[in-house]
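Take a look at the structure below.
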Amino acid sequence: MVPDKSRKLLLHQKYKLFGNNGAAKLCHWTKNSIRGEGACYKERFYGISSHRCLQMTPCVDSCTHQCLFCWRATQFTQTEVNDPDDPEFIIDEAIKAQRKMLSGFGGFEGTDKQKLKEAQSPNQVAISLSGEPAIYQYLPELIEEFHKRDFTTFVVSNGTVPEMIEKIKPTQLYITLPAPNKEIYKKTCNPLIKDGWEKLNKSLEIMADKSRKGRRNGERTVIRLTLVKGLNMKDPNGYAKLIEKASPLFIEVKGYMAIGFSRQRLGPEFMPTHQEVKEFAESIAEGTGYILTDEQEASRVVLLTKNGEIDLLQDD
């Protein structure tokens, strides 16, 4: 259950809460796409439609980390999901929440009416809004139910629940690699479990197996770096060795953005420029053999791939 103090803060941040632990929030890029003001880099890199993307979580306050770069009020973090909600209930409520959040867009000048209509029926879900989704006990069933409803599924995990990483089969699995070594990991993530680094490394090994099976198994794999200047934006060779262990299809090298409660821990001075992110990505490319394939300056993100080609999903 979400504590009352946390609930008030989440509602103030325009989260829509439902059930015991569920939440959805309208993504900045979903709004921009509907207004004709640009799209998320995931549309450019992977072929999903930003205006039809549902951003949600089955465990809004549950995580194994209290990362300095996280936008959450991490003081309320719980390491378990108590009274987990049913997967079908979560999906129904998340879609209802999305539609409510879209309800006022018809009156905005510049709104693309066709996109707004399509946005009422999302077909892509980012299970990444807040918390660690692998803690949610019914994550495999949630993903399966989304697939039954013709969604593509992007799951973003911190990798500290390897047994769940092994079970799940999303369209695209992200593991956040927050540090090049254990010492920086502890400083950056403030783990709430003793063996977080070891579990993360186990998840990287599991990802390698998923990467080998590739799209034959309906899964795609991504390693994401969130680079914080002066904290974890160092030792590209250390990152490269860990990335080689996972052998992902894609690598996203992304700069930290000073948003939400992270501004109370870090701030704008910790945000690398896009050029700095790109230069760091080039160092990782040199250490891994991956190829710098695309970039989006507005999001301070660079995409590396194994063969220099973008493999777009089919978006109906």
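Going by the structure tokens order, chains are called A, B, ..., each with residues numbered from 1, while ligands are numbered from 1 in the order shown.
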Per residue of segment 2-69 of chain A within 10 Å of segment 155-168 of chain A, note the shortest atom pair and the distance in Å to one decimal, counting only C-alpha atoms, and order the rows by chain and increasing residue number, as a Markdown table.
```
| residue | atom | partner | partner_atom | distance |
| --- | --- | --- | --- | --- |
| A:Thr57 | CA | A:Val155 | CA | 9.8 |
| A:Cys63 | CA | A:Asn158 | CA | 8.9 |
| A:Thr64 | CA | A:Thr160 | CA | 7.2 |
| A:His65 | CA | A:Asn158 | CA | 8.3 |
```
- prompt: If you count only C-alpha atoms, which residues fall within 12 Å of Lys234 of chain A, apart from same-chain ones fewer than 3 positions away, as a ChimeraX atom specification?
  reply: /A:178-181,184-185,225-231,237-240,272,276-277,279-281,283-284
Go ahead and dump the residues you just picked, C-alpha atoms, as a compact mmCIF listing (two decimals), in the first residue's frame.
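Ended up saving to result-v9.txt:
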```
# COMPACT_ATOMS: atom_id res chain seq x y z
CA PRO A 178 24.17 2.46 -13.10
CA ALA A 179 27.90 2.10 -12.49
CA PRO A 180 31.10 0.58 -13.87
CA ASN A 181 32.03 -1.05 -10.54
CA ILE A 184 30.35 3.57 -7.63
CA TYR A 185 27.21 1.41 -7.66
CA LEU A 225 23.24 3.95 -18.79
CA THR A 226 22.01 7.02 -16.90
CA LEU A 227 25.11 9.17 -16.68
CA VAL A 228 25.50 11.59 -13.78
CA LYS A 229 28.36 14.03 -14.16
CA GLY A 230 30.87 13.69 -11.34
CA LEU A 231 29.25 10.52 -9.97
CA ASN A 237 36.07 0.52 -20.05
CA GLY A 238 34.43 -0.73 -16.86
CA TYR A 239 31.02 -0.24 -18.41
CA ALA A 240 32.20 -1.92 -21.62
CA PRO A 272 26.04 16.22 -18.78
CA GLU A 276 29.54 14.91 -23.30
CA VAL A 277 27.09 11.98 -23.43
CA GLU A 279 31.74 11.38 -26.32
CA PHE A 280 31.24 8.92 -23.46
CA ALA A 281 29.13 6.72 -25.76
CA SER A 283 34.34 5.50 -25.69
CA ILE A 284 31.97 2.65 -24.86
```
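Counting from atom CA of Gly255 of chain A, the distance to atom CA of Met56 of chain A is 21.9 Å.
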field: Per-residue DSSP, segment 153-238 of chain A, filtered to alpha helix (DSSP H), as a ChimeraX atom specification
entry: /A:162-167,182-189,196-213,236-238
Residues from last step as file, C-alpha atoms, as a short mmCIF file (atom, residue, chain, number, x, y, z; two decimals), in the first residue's frame:
```cif
data_model
loop_
_atom_site.label_atom_id
_atom_site.label_comp_id
_atom_site.auth_asym_id
_atom_site.auth_seq_id
_atom_site.Cartn_x
_atom_site.Cartn_y
_atom_site.Cartn_z
CA PRO A 162 17.45 -12.01 -11.48
CA GLU A 163 14.96 -14.82 -10.89
CA MET A 164 12.20 -12.57 -12.26
CA ILE A 165 14.39 -11.34 -15.12
CA GLU A 166 14.74 -14.98 -16.16
CA LYS A 167 10.96 -15.53 -16.13
CA LYS A 182 30.66 -1.97 -7.12
CA GLU A 183 32.02 1.09 -5.29
CA ILE A 184 30.35 3.57 -7.63
CA TYR A 185 27.21 1.41 -7.66
CA LYS A 186 26.85 1.79 -3.90
CA LYS A 187 27.35 5.56 -4.03
CA THR A 188 24.92 6.01 -6.91
CA CYS A 189 22.15 3.58 -5.99
CA GLY A 196 22.49 -5.86 -5.21
CA TRP A 197 25.67 -5.66 -7.28
CA GLU A 198 26.01 -9.44 -7.43
CA LYS A 199 22.36 -9.84 -8.42
CA LEU A 200 22.72 -7.18 -11.11
CA ASN A 201 25.65 -9.09 -12.58
CA LYS A 202 23.60 -12.29 -12.54
CA SER A 203 20.87 -10.49 -14.48
CA LEU A 204 23.45 -9.38 -17.05
CA GLU A 205 24.34 -13.04 -17.58
CA ILE A 206 20.65 -13.89 -17.99
CA MET A 207 20.29 -11.06 -20.49
CA ALA A 208 23.11 -12.59 -22.56
CA ASP A 209 21.06 -15.77 -22.96
CA LYS A 210 18.00 -13.73 -23.96
CA SER A 211 20.16 -11.75 -26.39
CA ARG A 212 21.43 -14.93 -28.05
CA LYS A 213 17.86 -16.15 -28.61
CA PRO A 236 33.91 3.66 -19.86
CA ASN A 237 36.07 0.52 -20.05
CA GLY A 238 34.43 -0.73 -16.86
#
```
- request: Quick one: pull the distance between atom CA of Cys67 of chain A and atom CA of Lys194 of chain A, Å, one decimal.
  value: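 Taking atom CA of Cys67 of chain A as the start and atom CA of Lys194 of chain A as the end point, the length is 14.9 Å.
The nearest approach to Gly287 of chain A among the residues A:Lys254, A:Lys5, A:Lys241, A:Lys113, with only C-alpha atoms taken into account, belongs to A:Lys241.
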message: Which residues are near Asn307 of chain A? Cut-off 10 Å, only C-alpha atoms, ignore same chain within fewer than 6 positions. Put them as an NGL selection string.
response: :A and (249-250 or 289-293)
Can you write out the residues you just picked, keeping C-alpha atoms, as an mmCIF file, in the first residue's frame?
```cif
data_model
loop_
_atom_site.group_PDB
_atom_site.id
_atom_site.type_symbol
_atom_site.label_atom_id
_atom_site.label_comp_id
_atom_site.auth_asym_id
_atom_site.auth_seq_id
_atom_site.Cartn_x
_atom_site.Cartn_y
_atom_site.Cartn_z
ATOM 1 C CA LEU A 249 20.906 -5.853 -28.926
ATOM 2 C CA PHE A 250 20.961 -2.129 -28.067
ATOM 3 C CA GLY A 289 32.713 -2.927 -30.845
ATOM 4 C CA TYR A 290 29.173 -1.538 -30.956
ATOM 5 C CA ILE A 291 28.415 1.201 -33.470
ATOM 6 C CA LEU A 292 27.011 4.659 -32.730
ATOM 7 C CA THR A 293 23.809 4.435 -34.743
#
```
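Proximity of A:Lys148, A:His274, A:His51, A:Arg7 to Met257 of chain A, computed with only C-alpha atoms, is greatest for A:His274.
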- prompt: Quick one, how far is atom CA of Thr77 of chain A from atom CA of Gln137 of chain A?
  reply: 16.9 Å
- request: Apply DSSP to the backbone of this structure and, from segment 142-184 of chain A, keep only the residues in strand (DSSP E); write these as a PyMOL selection string.
  value: chain A and resi 152-157+172-176
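Restricting the calculation to only C-alpha atoms, the smallest distance between Ile310 of chain A and any of A:Ile135, A:Lys16, A:Tyr174, A:Ile251 is found for A:Ile251.
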task: Would you kindly return, as a PyMOL selection string, each protein, DNA or RNA residue with an atom no farther than 8 Å from any atom of Arg72 of chain A, considering only C-alpha atoms and excluding same-chain residues fewer than 6 positions away?
output: chain A and resi 130+260-262
Suppose we keep C-alpha atoms; can you now write the selection as a PDB file, in the first residue's frame?
```pdb
ATOM      1  CA  SER A 130       8.351   4.307 -10.856  1.00  0.00           C
ATOM      2  CA  GLY A 260      11.401  15.499  -9.705  1.00  0.00           C
ATOM      3  CA  PHE A 261      12.958  14.826  -6.317  1.00  0.00           C
ATOM      4  CA  SER A 262      16.390  14.143  -7.822  1.00  0.00           C
TER       5      SER A 262
END
```
Selected residue of minimal separation from Gln264 of chain A among A:Phe89, A:Ala73, A:Val302, A:Glu118, counting only C-alpha atoms: A:Ala73
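For Glu295 of chain A, the non-local neighbours within 10 Å, defined as residues at least 2 positions apart in the same chain or in other chains and counting only C-alpha atoms, are Tyr41, Arg44, Phe45, Glu252, Val253, Lys254, His274, Lys278, Leu292, Thr293, Glu297, Ala298, Ser299, Arg300, Val301, Val302, Leu303 and Leu304 of chain A.
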